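Enquirer: input.pdb is reproduced below (PDB, C-alpha atoms).
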```
MODEL        1
ATOM      1  CA  MET A   1      -7.035 -12.088  12.713  1.00  0.00           C
ATOM      2  CA  PRO A   2      -7.929  -9.020  14.815  1.00  0.00           C
ATOM      3  CA  LYS A   3      -5.528  -6.103  14.747  1.00  0.00           C
ATOM      4  CA  THR A   4      -5.555  -3.998  17.871  1.00  0.00           C
ATOM      5  CA  PHE A   5      -4.218  -0.571  18.729  1.00  0.00           C
ATOM      6  CA  ASP A   6      -4.150  -0.345  22.517  1.00  0.00           C
ATOM      7  CA  SER A   7      -3.561   3.150  23.937  1.00  0.00           C
ATOM      8  CA  VAL A   8      -1.174   4.092  21.110  1.00  0.00           C
ATOM      9  CA  PHE A   9       0.649   7.409  21.277  1.00  0.00           C
ATOM     10  CA  PHE A  10       2.944   8.687  18.520  1.00  0.00           C
ATOM     11  CA  ASN A  11       4.708  11.942  17.742  1.00  0.00           C
ATOM     12  CA  TYR A  12       7.475  13.117  15.447  1.00  0.00           C
ATOM     13  CA  PRO A  13      10.448  14.895  17.044  1.00  0.00           C
ATOM     14  CA  ASN A  14       9.651  18.472  18.123  1.00  0.00           C
ATOM     15  CA  TYR A  15       5.889  18.017  17.575  1.00  0.00           C
ATOM     16  CA  LYS A  16       3.018  17.374  19.928  1.00  0.00           C
ATOM     17  CA  PHE A  17       1.494  13.915  19.790  1.00  0.00           C
ATOM     18  CA  ILE A  18      -0.003  13.335  16.351  1.00  0.00           C
ATOM     19  CA  LEU A  19      -1.766  10.222  17.604  1.00  0.00           C
ATOM     20  CA  ASN A  20      -2.974  10.473  21.160  1.00  0.00           C
ATOM     21  CA  ASN A  21      -4.342   7.406  22.989  1.00  0.00           C
ATOM     22  CA  ILE A  22      -5.611   5.541  19.907  1.00  0.00           C
ATOM     23  CA  ASN A  23      -7.680   2.426  20.622  1.00  0.00           C
ATOM     24  CA  LEU A  24      -8.842   0.473  17.587  1.00  0.00           C
ATOM     25  CA  ILE A  25      -9.853  -3.098  16.762  1.00  0.00           C
ATOM     26  CA  ILE A  26      -9.895  -4.288  13.151  1.00  0.00           C
ATOM     27  CA  GLU A  27     -11.436  -7.714  12.602  1.00  0.00           C
ATOM     28  CA  LYS A  28     -10.743 -10.057   9.690  1.00  0.00           C
ATOM     29  CA  ASN A  29     -12.687  -9.005   6.551  1.00  0.00           C
ATOM     30  CA  ASP A  30     -13.295  -5.498   7.914  1.00  0.00           C
ATOM     31  CA  CYS A  31     -13.067  -2.701   5.398  1.00  0.00           C
ATOM     32  CA  ILE A  32     -12.277   0.514   7.213  1.00  0.00           C
ATOM     33  CA  GLY A  33     -11.664   4.050   6.108  1.00  0.00           C
ATOM     34  CA  ILE A  34      -9.838   6.703   8.055  1.00  0.00           C
ATOM     35  CA  ILE A  35     -10.882  10.230   7.187  1.00  0.00           C
ATOM     36  CA  GLY A  36      -9.834  13.646   8.365  1.00  0.00           C
ATOM     37  CA  LYS A  37      -7.948  16.799   7.560  1.00  0.00           C
ATOM     38  CA  SER A  38      -4.439  16.786   6.118  1.00  0.00           C
ATOM     39  CA  GLY A  39      -1.713  16.387   8.689  1.00  0.00           C
ATOM     40  CA  ILE A  40      -3.763  14.754  11.443  1.00  0.00           C
ATOM     41  CA  GLY A  41      -2.017  11.372  11.286  1.00  0.00           C
ATOM     42  CA  LYS A  42      -3.890   9.154   8.817  1.00  0.00           C
ATOM     43  CA  SER A  43      -0.723   8.079   6.999  1.00  0.00           C
ATOM     44  CA  THR A  44       1.130   7.840  10.307  1.00  0.00           C
ATOM     45  CA  LEU A  45      -1.560   5.454  11.576  1.00  0.00           C
ATOM     46  CA  LEU A  46      -1.002   3.265   8.496  1.00  0.00           C
ATOM     47  CA  ASP A  47       2.779   3.393   8.973  1.00  0.00           C
ATOM     48  CA  LEU A  48       2.325   2.224  12.563  1.00  0.00           C
ATOM     49  CA  LEU A  49      -0.003  -0.571  11.490  1.00  0.00           C
ATOM     50  CA  MET A  50       2.513  -1.697   8.859  1.00  0.00           C
ATOM     51  CA  GLY A  51       5.333  -1.770  11.409  1.00  0.00           C
ATOM     52  CA  LEU A  52       7.263   1.002   9.659  1.00  0.00           C
ATOM     53  CA  LEU A  53       7.039   3.167  12.782  1.00  0.00           C
ATOM     54  CA  SER A  54       6.863   2.203  16.443  1.00  0.00           C
ATOM     55  CA  PRO A  55       4.587   3.942  18.925  1.00  0.00           C
ATOM     56  CA  GLN A  56       6.094   5.982  21.770  1.00  0.00           C
ATOM     57  CA  SER A  57       3.740   4.107  24.077  1.00  0.00           C
ATOM     58  CA  GLY A  58       0.908   1.640  23.799  1.00  0.00           C
ATOM     59  CA  SER A  59       0.931  -1.477  21.671  1.00  0.00           C
ATOM     60  CA  ILE A  60      -0.110  -2.765  18.270  1.00  0.00           C
ATOM     61  CA  ASN A  61      -1.048  -6.433  18.155  1.00  0.00           C
ATOM     62  CA  VAL A  62      -2.147  -8.907  15.515  1.00  0.00           C
ATOM     63  CA  ASP A  63      -3.849 -12.008  16.878  1.00  0.00           C
ATOM     64  CA  GLY A  64      -2.564 -11.089  20.317  1.00  0.00           C
ATOM     65  CA  ARG A  65       1.043 -10.895  19.067  1.00  0.00           C
ATOM     66  CA  LEU A  66       2.945  -7.634  19.328  1.00  0.00           C
ATOM     67  CA  ILE A  67       4.056  -6.294  15.950  1.00  0.00           C
ATOM     68  CA  ASN A  68       7.097  -4.130  15.906  1.00  0.00           C
ATOM     69  CA  ASN A  69       8.995  -4.150  12.611  1.00  0.00           C
ATOM     70  CA  VAL A  70       8.315  -7.865  12.115  1.00  0.00           C
ATOM     71  CA  GLN A  71       9.194  -8.920   8.557  1.00  0.00           C
ATOM     72  CA  GLU A  72       6.657 -11.753   8.587  1.00  0.00           C
ATOM     73  CA  TRP A  73       3.891  -9.226   9.320  1.00  0.00           C
ATOM     74  CA  ARG A  74       5.070  -6.924   6.531  1.00  0.00           C
ATOM     75  CA  ASN A  75       4.856  -9.785   4.041  1.00  0.00           C
ATOM     76  CA  SER A  76       1.173 -10.307   4.869  1.00  0.00           C
ATOM     77  CA  PHE A  77      -0.045  -7.042   3.337  1.00  0.00           C
ATOM     78  CA  ALA A  78       0.291  -4.873   0.251  1.00  0.00           C
ATOM     79  CA  HIS A  79       0.450  -1.097   0.485  1.00  0.00           C
ATOM     80  CA  VAL A  80      -0.672   1.456  -2.092  1.00  0.00           C
ATOM     81  CA  PRO A  81       0.969   4.748  -1.088  1.00  0.00           C
ATOM     82  CA  GLN A  82      -0.156   8.278  -1.951  1.00  0.00           C
ATOM     83  CA  ASP A  83       2.637   8.623  -4.503  1.00  0.00           C
ATOM     84  CA  ILE A  84       3.299   5.603  -6.697  1.00  0.00           C
ATOM     85  CA  PHE A  85       6.916   4.884  -7.567  1.00  0.00           C
ATOM     86  CA  LEU A  86       7.201   3.775 -11.193  1.00  0.00           C
ATOM     87  CA  LEU A  87      10.174   2.289 -12.980  1.00  0.00           C
ATOM     88  CA  ASP A  88      11.288   3.525 -16.387  1.00  0.00           C
ATOM     89  CA  ALA A  89       9.950   0.230 -17.712  1.00  0.00           C
ATOM     90  CA  ASP A  90       6.803  -1.343 -19.165  1.00  0.00           C
ATOM     91  CA  PHE A  91       3.421  -2.100 -17.582  1.00  0.00           C
ATOM     92  CA  THR A  92       4.383  -5.701 -16.787  1.00  0.00           C
ATOM     93  CA  GLU A  93       7.520  -4.726 -14.867  1.00  0.00           C
ATOM     94  CA  ASN A  94       5.700  -1.959 -13.001  1.00  0.00           C
ATOM     95  CA  ILE A  95       2.804  -4.194 -11.947  1.00  0.00           C
ATOM     96  CA  SER A  96       5.045  -7.129 -10.958  1.00  0.00           C
ATOM     97  CA  PHE A  97       7.475  -4.749  -9.229  1.00  0.00           C
ATOM     98  CA  GLY A  98       9.773  -6.710  -6.928  1.00  0.00           C
ATOM     99  CA  ASN A  99       8.182 -10.048  -7.815  1.00  0.00           C
ATOM    100  CA  LYS A 100       9.938 -10.934 -11.074  1.00  0.00           C
ATOM    101  CA  HIS A 101      10.165 -14.632 -10.215  1.00  0.00           C
ATOM    102  CA  LYS A 102       6.368 -14.833  -9.860  1.00  0.00           C
ATOM    103  CA  ILE A 103       5.326 -13.242 -13.169  1.00  0.00           C
ATOM    104  CA  SER A 104       2.527 -14.967 -15.049  1.00  0.00           C
ATOM    105  CA  GLU A 105       0.626 -13.299 -17.859  1.00  0.00           C
ATOM    106  CA  SER A 106      -2.739 -14.364 -16.463  1.00  0.00           C
ATOM    107  CA  LYS A 107      -1.903 -13.043 -12.969  1.00  0.00           C
ATOM    108  CA  ILE A 108      -0.723  -9.692 -14.433  1.00  0.00           C
ATOM    109  CA  LYS A 109      -3.906  -9.391 -16.528  1.00  0.00           C
ATOM    110  CA  LYS A 110      -6.113 -10.279 -13.546  1.00  0.00           C
ATOM    111  CA  ALA A 111      -4.456  -7.621 -11.359  1.00  0.00           C
ATOM    112  CA  ALA A 112      -4.779  -5.039 -14.162  1.00  0.00           C
ATOM    113  CA  SER A 113      -8.426  -5.961 -14.713  1.00  0.00           C
ATOM    114  CA  ASP A 114      -9.259  -5.776 -11.005  1.00  0.00           C
ATOM    115  CA  ALA A 115      -7.539  -2.357 -10.827  1.00  0.00           C
ATOM    116  CA  CYS A 116      -9.567  -1.192 -13.872  1.00  0.00           C
ATOM    117  CA  ILE A 117      -6.548  -0.444 -16.051  1.00  0.00           C
ATOM    118  CA  LEU A 118      -6.584  -3.501 -18.342  1.00  0.00           C
ATOM    119  CA  GLU A 119      -8.610  -1.757 -21.050  1.00  0.00           C
ATOM    120  CA  ASP A 120      -6.174   1.196 -21.073  1.00  0.00           C
ATOM    121  CA  ILE A 121      -3.188  -1.149 -21.364  1.00  0.00           C
ATOM    122  CA  GLU A 122      -4.709  -3.272 -24.106  1.00  0.00           C
ATOM    123  CA  SER A 123      -5.577  -0.151 -26.128  1.00  0.00           C
ATOM    124  CA  LYS A 124      -1.837   0.630 -26.486  1.00  0.00           C
ATOM    125  CA  PRO A 125      -0.083  -0.727 -29.600  1.00  0.00           C
ATOM    126  CA  GLU A 126       2.514  -2.562 -27.488  1.00  0.00           C
ATOM    127  CA  LYS A 127       0.017  -3.471 -24.760  1.00  0.00           C
ATOM    128  CA  PHE A 128       1.811  -4.672 -21.588  1.00  0.00           C
ATOM    129  CA  LYS A 129       5.220  -4.009 -23.187  1.00  0.00           C
ATOM    130  CA  THR A 130       4.453  -0.275 -23.497  1.00  0.00           C
ATOM    131  CA  GLN A 131       7.231   1.744 -21.865  1.00  0.00           C
ATOM    132  CA  LEU A 132       5.942   4.210 -19.252  1.00  0.00           C
ATOM    133  CA  GLY A 133       8.919   6.565 -19.205  1.00  0.00           C
ATOM    134  CA  GLU A 134      10.742   7.960 -16.211  1.00  0.00           C
ATOM    135  CA  ARG A 135       8.306   8.217 -13.245  1.00  0.00           C
ATOM    136  CA  GLY A 136       5.483   7.226 -15.626  1.00  0.00           C
ATOM    137  CA  VAL A 137       5.679  10.430 -17.650  1.00  0.00           C
ATOM    138  CA  LYS A 138       3.821   8.774 -20.561  1.00  0.00           C
ATOM    139  CA  ILE A 139       0.665   7.986 -18.583  1.00  0.00           C
ATOM    140  CA  SER A 140      -1.887   9.960 -16.565  1.00  0.00           C
ATOM    141  CA  GLY A 141      -1.976  10.389 -12.799  1.00  0.00           C
ATOM    142  CA  GLY A 142      -5.030   8.160 -12.561  1.00  0.00           C
ATOM    143  CA  GLN A 143      -3.289   5.436 -14.554  1.00  0.00           C
ATOM    144  CA  LYS A 144      -0.299   5.647 -12.201  1.00  0.00           C
ATOM    145  CA  GLN A 145      -2.614   5.137  -9.226  1.00  0.00           C
ATOM    146  CA  ARG A 146      -4.255   2.159 -10.916  1.00  0.00           C
ATOM    147  CA  ILE A 147      -0.846   0.598 -11.573  1.00  0.00           C
ATOM    148  CA  GLY A 148      -0.140   0.994  -7.850  1.00  0.00           C
ATOM    149  CA  ILE A 149      -3.408  -0.774  -7.060  1.00  0.00           C
ATOM    150  CA  ALA A 150      -2.678  -3.507  -9.635  1.00  0.00           C
ATOM    151  CA  ARG A 151       0.786  -3.947  -8.078  1.00  0.00           C
ATOM    152  CA  ALA A 152      -0.782  -4.443  -4.641  1.00  0.00           C
ATOM    153  CA  LEU A 153      -3.342  -6.905  -6.018  1.00  0.00           C
ATOM    154  CA  PHE A 154      -0.615  -8.775  -7.921  1.00  0.00           C
ATOM    155  CA  LYS A 155       1.238  -9.335  -4.655  1.00  0.00           C
ATOM    156  CA  GLY A 156      -1.720 -11.488  -3.593  1.00  0.00           C
ATOM    157  CA  THR A 157      -1.757 -10.730   0.132  1.00  0.00           C
ATOM    158  CA  ASP A 158      -4.672 -11.013   2.527  1.00  0.00           C
ATOM    159  CA  ILE A 159      -4.522  -7.343   3.531  1.00  0.00           C
ATOM    160  CA  LEU A 160      -4.556  -4.223   1.348  1.00  0.00           C
ATOM    161  CA  MET A 161      -3.615  -0.865   2.847  1.00  0.00           C
ATOM    162  CA  LEU A 162      -4.469   2.083   0.645  1.00  0.00           C
ATOM    163  CA  ASP A 163      -3.209   5.564   1.499  1.00  0.00           C
ATOM    164  CA  GLU A 164      -5.277   7.917  -0.660  1.00  0.00           C
ATOM    165  CA  ALA A 165      -4.950   5.384  -3.452  1.00  0.00           C
ATOM    166  CA  THR A 166      -7.705   6.955  -5.536  1.00  0.00           C
ATOM    167  CA  SER A 167      -6.568  10.558  -5.149  1.00  0.00           C
ATOM    168  CA  ALA A 168      -5.641  10.796  -8.831  1.00  0.00           C
TER     169      ALA A 168
ENDMDL
END
```
Please express the file's structure as structure tokens.
Expert:
Amino acid sequence: MPKTFDSVFFNYPNYKFILNNINLIIEKNDCIGIIGKSGIGKSTLLDLLMGLLSPQSGSINVDGRLINNVQEWRNSFAHVPQDIFLLDADFTENISFGNKHKISESKIKKAASDACILEDIESKPEKFKTQLGERGVKISGGQKQRIGIARALFKGTDILMLDEATSA
């Protein structure tokens, strides 16, 4: 399922073009990294790819189909943002975030294990029922990031988009 940026231009109001004539092909099973200085458009590129923003010109296609805020496309990927939003709830609720009808203990444990936070969770007296506090105040920054990764893995999509997901 190739994803293609074809002559994509994007700018925010009152700014010069952040992304200027971007051409990019991402093939199925590719693992790509986008590096560069702060403020050059890495997160904006992800937002365009996810259909959260639309380019001023050019096109973004998946399998030859234009994507432009298509809900079906958004359901095909999981996103780990720079800042993880956490509920004032336990590990289980924070990992299964938004997917309460799909909770299974084995799936939660697998996602936690794959995100390398299972050992931390199981070392707590209440394990997965441990309350994290408002915005995860009871856990470290690195643990918050790993919960975000576990949440994305729990969603079980074909595509993972990570925006500085290991920054903490």
Enquirer: I need the residue nearest Leu49 (chain A) from this list: A:Glu134, A:Asp90, A:Asp6, A:Glu126. Use only C-alpha atoms for the distance.
Expert: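 Nearest candidate to Leu49 (chain A) out of A:Glu134, A:Asp90, A:Asp6, A:Glu126: A:Asp6.
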Enquirer: Translate the PyMOL selection byres ((chain A and resi 96-98) around 8), as applied to the file shown, into an explicit residue set as a VMD selection string.
Expert: chain A and resid 92 to 95 99 to 100 102 to 103 108 151 154 to 155
Enquirer: Compute the distance from (-2.0, -8.3, 7.2) to each atom, counting all atoms listed in the file, keep the residues with any atom at most 7 Å away, and return them as a tab-separated table (two decimals) with C-alpha atoms, in the coordinates of the input; use the coordinates of the file.
Expert:
```
chain	number	residue	atom	x	y	z
A	73	TRP	CA	3.89	-9.23	9.32
A	76	SER	CA	1.17	-10.31	4.87
A	77	PHE	CA	-0.04	-7.04	3.34
A	158	ASP	CA	-4.67	-11.01	2.53
A	159	ILE	CA	-4.52	-7.34	3.53
```
Enquirer: Could you list the residues chosen by the PyMOL selection byres ((chain A and resi 11) around 10) in this structure as an NGL selection string?
Expert: :A and (9-10 or 12-20 or 41 or 44 or 55-56)
Enquirer: Between A:Ser104, A:Gln131, A:Ser57, A:Gln143, which is the closest to Glu119 (chain A) once you count all atoms listed in the file?
Expert: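 Using all atoms listed in the file, the shortest distance to Glu119 (chain A) belongs to A:Gln143.
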Enquirer: Go through A:Ala78, A:Ala111, A:Ile117, A:Ile34 and flag the residue nearest Thr157 (chain A), using all atoms listed in the file for the distances.
Expert: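 Distance minimum relative to Thr157 (chain A) lands on A:Ala78.
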Enquirer: Which residue gives the smallest distance to Asp63 (chain A) among A:Ile26, A:Asp83, A:Ile40, A:Gly33, with all atoms listed in the file counted?
Expert: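 Using all atoms listed in the file, Asp63 (chain A) sits closest to A:Ile26.
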Enquirer: I need the residue nearest Arg135 (chain A) from this list: A:Asp88, A:Met161, A:Ala152, A:Ile22. Use all atoms listed in the file for the distance.
Expert: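 Nearest candidate to Arg135 (chain A) out of A:Asp88, A:Met161, A:Ala152, A:Ile22: A:Asp88.
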Enquirer: Name all residues at most 7 Å from Phe5 (chain A) (count only C-alpha atoms; drop same-chain ones fewer than 3 positions away) and give them as a list in words.
Expert: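 In the requested format, the answer is Val8, Ile22, Asn23, Leu24, Ile25, Ser59, Ile60 and Asn61 of chain A.
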